[in-house]
>>> print(open('start-v1.txt').read())   # compact mmCIF, C-alpha atoms
# COMPACT_ATOMS: atom_id res chain seq x y z
CA MET A 1 0.66 -4.65 -3.56
CA VAL A 2 3.86 -4.03 -5.48
CA LYS A 3 6.26 -6.96 -5.55
CA LEU A 4 10.02 -6.50 -5.63
CA SER A 5 10.16 -8.57 -8.81
CA GLN A 6 7.74 -6.12 -10.46
CA ILE A 7 10.00 -3.19 -9.54
CA LEU A 8 13.05 -4.91 -11.03
CA LYS A 9 11.06 -5.87 -14.13
CA ALA A 10 10.06 -2.21 -14.63
CA VAL A 11 13.72 -1.14 -14.36
CA ASN A 12 14.76 -3.80 -16.88
CA SER A 13 11.96 -2.78 -19.26
CA LYS A 14 13.08 0.87 -19.21
CA LEU A 15 16.69 -0.21 -19.83
CA ALA A 16 15.67 -2.46 -22.72
CA GLU A 17 13.67 0.37 -24.27
CA ALA A 18 16.52 2.88 -23.90
CA PHE A 19 19.26 0.45 -24.98
CA PRO A 20 17.70 -2.03 -27.44
CA ASP A 21 21.11 -3.32 -28.62
CA ILE A 22 22.55 -4.07 -25.16
CA LYS A 23 21.65 -7.29 -23.35
CA ILE A 24 20.31 -7.23 -19.79
CA ASP A 25 21.92 -10.16 -18.04
CA SER A 26 20.34 -11.73 -14.96
CA LYS A 27 23.34 -13.75 -13.87
CA ASP A 28 25.06 -13.23 -10.55
CA LEU A 29 27.82 -10.60 -10.61
CA SER A 30 30.47 -13.26 -9.99
CA GLU A 31 29.48 -15.22 -13.13
CA LYS A 32 30.93 -14.71 -16.61
CA PHE A 33 29.13 -12.17 -18.80
CA ASN A 34 29.13 -10.74 -22.31
CA ARG A 35 30.13 -7.17 -23.13
CA PRO A 36 28.45 -4.76 -23.44
CA SER A 37 25.70 -5.72 -21.00
CA PHE A 38 23.67 -4.57 -18.01
CA ARG A 39 22.82 -6.25 -14.74
CA THR A 40 20.32 -4.94 -12.24
CA GLU A 41 19.62 -5.64 -8.61
CA LEU A 42 17.73 -4.39 -5.58
CA ASP A 43 19.82 -3.69 -2.52
CA ARG A 44 19.48 -2.34 1.04
CA LEU A 45 15.87 -3.46 1.44
CA LYS A 46 14.04 -2.25 4.52
CA THR A 47 10.33 -2.87 5.13
CA SER A 48 8.29 -1.67 8.07
CA ALA A 49 4.64 -1.36 9.08
CA PHE A 50 3.09 2.04 9.67
CA MET A 51 0.10 2.01 12.03
CA THR A 52 -0.70 -1.59 10.98
CA THR A 53 -2.43 -0.45 7.78
CA TYR A 54 0.46 0.73 5.61
CA LYS A 55 3.75 -0.73 4.47
CA GLU A 56 6.82 1.44 4.07
CA ARG A 57 9.61 0.07 1.93
CA GLU A 58 13.03 1.58 1.28
CA PHE A 59 15.46 0.12 -1.25
CA THR A 60 18.27 0.92 -3.65
CA VAL A 61 18.20 0.03 -7.34
CA ARG A 62 21.63 -0.65 -8.84
CA ILE A 63 22.32 -0.82 -12.56
CA TYR A 64 25.69 -2.25 -13.58
CA PHE A 65 27.00 -1.47 -17.06
CA PHE A 66 29.87 -3.53 -18.47
CA PRO A 67 31.32 -1.58 -21.43
CA THR A 68 32.46 -3.18 -24.67
CA LYS A 69 36.14 -3.05 -23.66
CA GLN A 70 37.04 -3.31 -20.00
CA ASP A 71 39.92 -0.83 -19.98
CA LYS A 72 38.85 1.57 -22.73
CA GLY A 73 35.24 2.48 -22.16
CA ARG A 74 35.24 5.99 -20.68
CA LEU A 75 33.41 7.66 -23.59
CA GLU A 76 30.99 4.75 -23.85
CA ARG A 77 30.26 4.99 -20.10
CA LEU A 78 29.63 8.75 -20.36
CA LYS A 79 27.12 8.20 -23.18
CA VAL A 80 25.38 5.52 -21.12
CA ILE A 81 25.20 7.89 -18.13
CA ASP A 82 23.45 10.50 -20.28
CA VAL A 83 20.83 8.01 -21.45
CA ILE A 84 20.29 6.49 -17.99
CA GLU A 85 19.78 9.98 -16.53
CA SER A 86 17.17 10.93 -19.12
CA THR A 87 15.46 7.52 -18.83
CA PHE A 88 15.23 7.17 -15.05
CA LEU A 89 15.35 10.69 -13.59
CA GLN A 90 11.57 10.99 -13.52
CA THR A 91 8.99 8.39 -12.46
CA LEU A 92 9.29 4.62 -12.61
CA GLU A 93 5.95 3.14 -13.65
CA ILE A 94 5.05 -0.36 -12.53
CA LYS A 95 2.08 -1.98 -14.22
CA LEU A 96 0.30 -4.07 -11.60
CA SER A 97 -2.47 -5.40 -13.81
CA GLU A 98 -2.81 -5.82 -17.54
CA GLU A 99 -6.55 -6.50 -17.45
CA GLU A 100 -8.50 -3.68 -19.10
CA GLU A 101 -11.05 -3.26 -16.30
CA LYS A 102 -8.41 -3.43 -13.57
CA LYS A 103 -5.65 -1.42 -15.22
CA PHE A 104 -3.51 0.00 -12.42
CA THR A 105 -0.06 1.53 -12.46
CA PHE A 106 2.11 2.22 -9.40
CA HIS A 107 4.45 5.22 -9.69
CA ILE A 108 7.78 5.55 -7.90
CA PRO A 109 9.42 8.98 -8.18
CA ILE A 110 13.18 9.08 -8.78
CA GLU A 111 14.69 12.35 -7.65
CA GLU A 112 18.42 11.62 -7.46
CA MET A 113 20.82 9.23 -9.15
CA ASN A 114 24.38 8.33 -8.25
CA PHE A 115 27.06 7.14 -10.66
CA GLU A 116 30.39 5.57 -9.81
CA GLU A 117 33.02 3.67 -11.69
CA THR A 118 34.74 0.60 -10.28
CA ASP A 119 37.23 -1.52 -12.24
CA GLY A 120 35.89 -0.16 -15.53
CA ILE A 121 32.28 -0.95 -14.58
CA LEU A 122 29.70 1.82 -14.39
CA ILE A 123 27.34 1.54 -11.42
CA ALA A 124 24.23 3.71 -11.52
CA SER A 125 22.04 3.69 -8.43
CA PHE A 126 19.06 5.43 -6.93
CA ASP A 127 17.35 5.15 -3.57
CA SER A 128 13.62 4.79 -3.55
CA TYR A 129 10.70 4.62 -1.19
CA THR A 130 7.22 3.13 -1.44
CA PHE A 131 4.26 3.57 0.87
CA GLU A 132 1.20 1.42 0.27
CA GLU A 133 -1.88 0.21 2.06
CA ILE A 134 -1.86 -3.36 3.30
CA GLU A 135 -4.53 -5.71 4.55
CA ASN A 136 -4.43 -6.44 8.25
CA ASP A 137 -6.19 -8.86 10.56
CA ILE A 138 -7.99 -6.28 12.70
CA THR A 139 -11.68 -7.19 12.56
CA GLY A 140 -13.17 -4.88 15.19
CA GLU A 141 -13.93 -1.22 14.79
CA MET A 142 -11.17 1.20 15.56
CA MET A 143 -11.76 3.63 18.40
CA GLU A 144 -12.75 7.09 17.25
CA GLU A 145 -13.25 8.85 20.59
CA LEU A 146 -12.19 8.10 24.10
CA GLU A 147 -13.95 9.76 27.01
CA PHE A 148 -12.62 9.46 30.51
CA ASN A 149 -12.97 11.14 33.88
CA TYR A 150 -10.14 11.59 36.25
CA LYS A 151 -10.01 13.25 39.64
CA ASN A 152 -7.18 15.11 41.26
>>> encode(input="start-v1.txt", output="structure tokens")
Amino acid sequence: MVKLSQILKAVNSKLAEAFPDIKIDSKDLSEKFNRPSFRTELDRLKTSAFMTTYKEREFTVRIYFFPTKQDKGRLERLKVIDVIESTFLQTLEIKLSEEEEKKFTFHIPIEEMNFEETDGILIASFDSYTFEEIENDITGEMMEELEFNYKN
């Protein structure tokens, strides 16, 4: 099963690869930070069971970019948008196992990204959806056919 921490780690890895000179900060948004830097978070989490054998999960990934200068970063933010688009507008790969015999990667497609600017901070976000099989506690056989007679 894919863990939320693995999803966030995959996002951070892609950011680090695309922006090797910019730090990815894991502090809370209310704490002091260095510029330029990124912060990432998962938001609007919703998990539900589908027919007791699958798990559906919806969530939003948010990437915050704090430009070098708070008031004068428009061009820098536009360049970052270009790179984030080309980096994330495809498939997010999450490596679930590093062992050679059990190598398995989970893929999350990213079809749309949103960008907004608030107080000189660039916020990139995308909504995502996962659907995966889960173990359940049903031990008996599931019914395949039901025959019944009824009279009018």
>>> closest_residue(input="start-v1.txt", among="A:Phe131, A:Phe66, A:Phe59, A:Phe148", to="Lys23 in chain A", atoms="all atoms listed in the file")
A:Phe66
>>> closest_residue(input="start-v1.txt", among="A:Leu96, A:Ile134, A:Ala124, A:Ile110", to="Tyr64 in chain A", atoms="only C-alpha atoms")
A:Ala124
>>> atom_distance(input="start-v1.txt", atom1="CA of Ser5 in chain A", atom2="CA of Ile94 in chain A")
10.4 Å
>>> atom_distance(input="start-v1.txt", atom1="CA of Val83 in chain A", atom2="CA of Tyr129 in chain A")
22.9 Å
>>> closest_residue(input="start-v1.txt", among="A:Thr105, A:Ser13, A:Pro67, A:Met113", to="Phe33 in chain A", atoms="only C-alpha atoms")
A:Pro67
>>> atom_distance(input="start-v1.txt", atom1="CA of Asp28 in chain A", atom2="CA of Asp43 in chain A")
13.5 Å
>>> decode(input="start-v1.txt", residues="range 74-86 of chain A", atoms="N, CA, C and O atoms", output="compact mmCIF listing (two decimals), in the first residue's frame")
# COMPACT_ATOMS: atom_id res chain seq x y z
N ARG A 74 8.69 38.25 -9.47
CA ARG A 74 7.76 37.83 -10.54
C ARG A 74 8.45 36.99 -11.61
O ARG A 74 7.97 35.91 -11.96
N LEU A 75 9.57 37.44 -12.14
CA LEU A 75 10.28 36.70 -13.18
C LEU A 75 10.78 35.36 -12.64
O LEU A 75 10.68 34.32 -13.31
N GLU A 76 11.28 35.37 -11.42
CA GLU A 76 11.75 34.14 -10.79
C GLU A 76 10.59 33.14 -10.63
O GLU A 76 10.73 31.95 -10.91
N ARG A 77 9.43 33.64 -10.21
CA ARG A 77 8.26 32.76 -10.06
C ARG A 77 7.81 32.19 -11.40
O ARG A 77 7.44 31.01 -11.49
N LEU A 78 7.86 32.99 -12.45
CA LEU A 78 7.47 32.49 -13.78
C LEU A 78 8.41 31.38 -14.26
O LEU A 78 7.97 30.38 -14.84
N LYS A 79 9.70 31.54 -14.01
CA LYS A 79 10.67 30.50 -14.38
C LYS A 79 10.41 29.22 -13.59
O LYS A 79 10.49 28.11 -14.13
N VAL A 80 10.08 29.37 -12.32
CA VAL A 80 9.79 28.21 -11.48
C VAL A 80 8.53 27.51 -11.96
O VAL A 80 8.47 26.27 -12.00
N ILE A 81 7.52 28.26 -12.36
CA ILE A 81 6.29 27.67 -12.90
C ILE A 81 6.61 26.80 -14.12
O ILE A 81 6.13 25.67 -14.24
N ASP A 82 7.43 27.31 -15.02
CA ASP A 82 7.80 26.55 -16.22
C ASP A 82 8.43 25.21 -15.86
O ASP A 82 8.10 24.17 -16.43
N VAL A 83 9.34 25.24 -14.90
CA VAL A 83 10.04 24.00 -14.52
C VAL A 83 9.10 23.05 -13.77
O VAL A 83 9.09 21.84 -14.02
N ILE A 84 8.27 23.58 -12.88
CA ILE A 84 7.32 22.72 -12.16
C ILE A 84 6.35 22.06 -13.14
O ILE A 84 6.06 20.87 -13.03
N GLU A 85 5.87 22.82 -14.11
CA GLU A 85 4.97 22.24 -15.13
C GLU A 85 5.63 21.07 -15.85
O GLU A 85 5.05 20.00 -15.98
N SER A 86 6.84 21.28 -16.33
CA SER A 86 7.51 20.22 -17.10
C SER A 86 7.91 19.04 -16.21
O SER A 86 8.03 17.91 -16.68
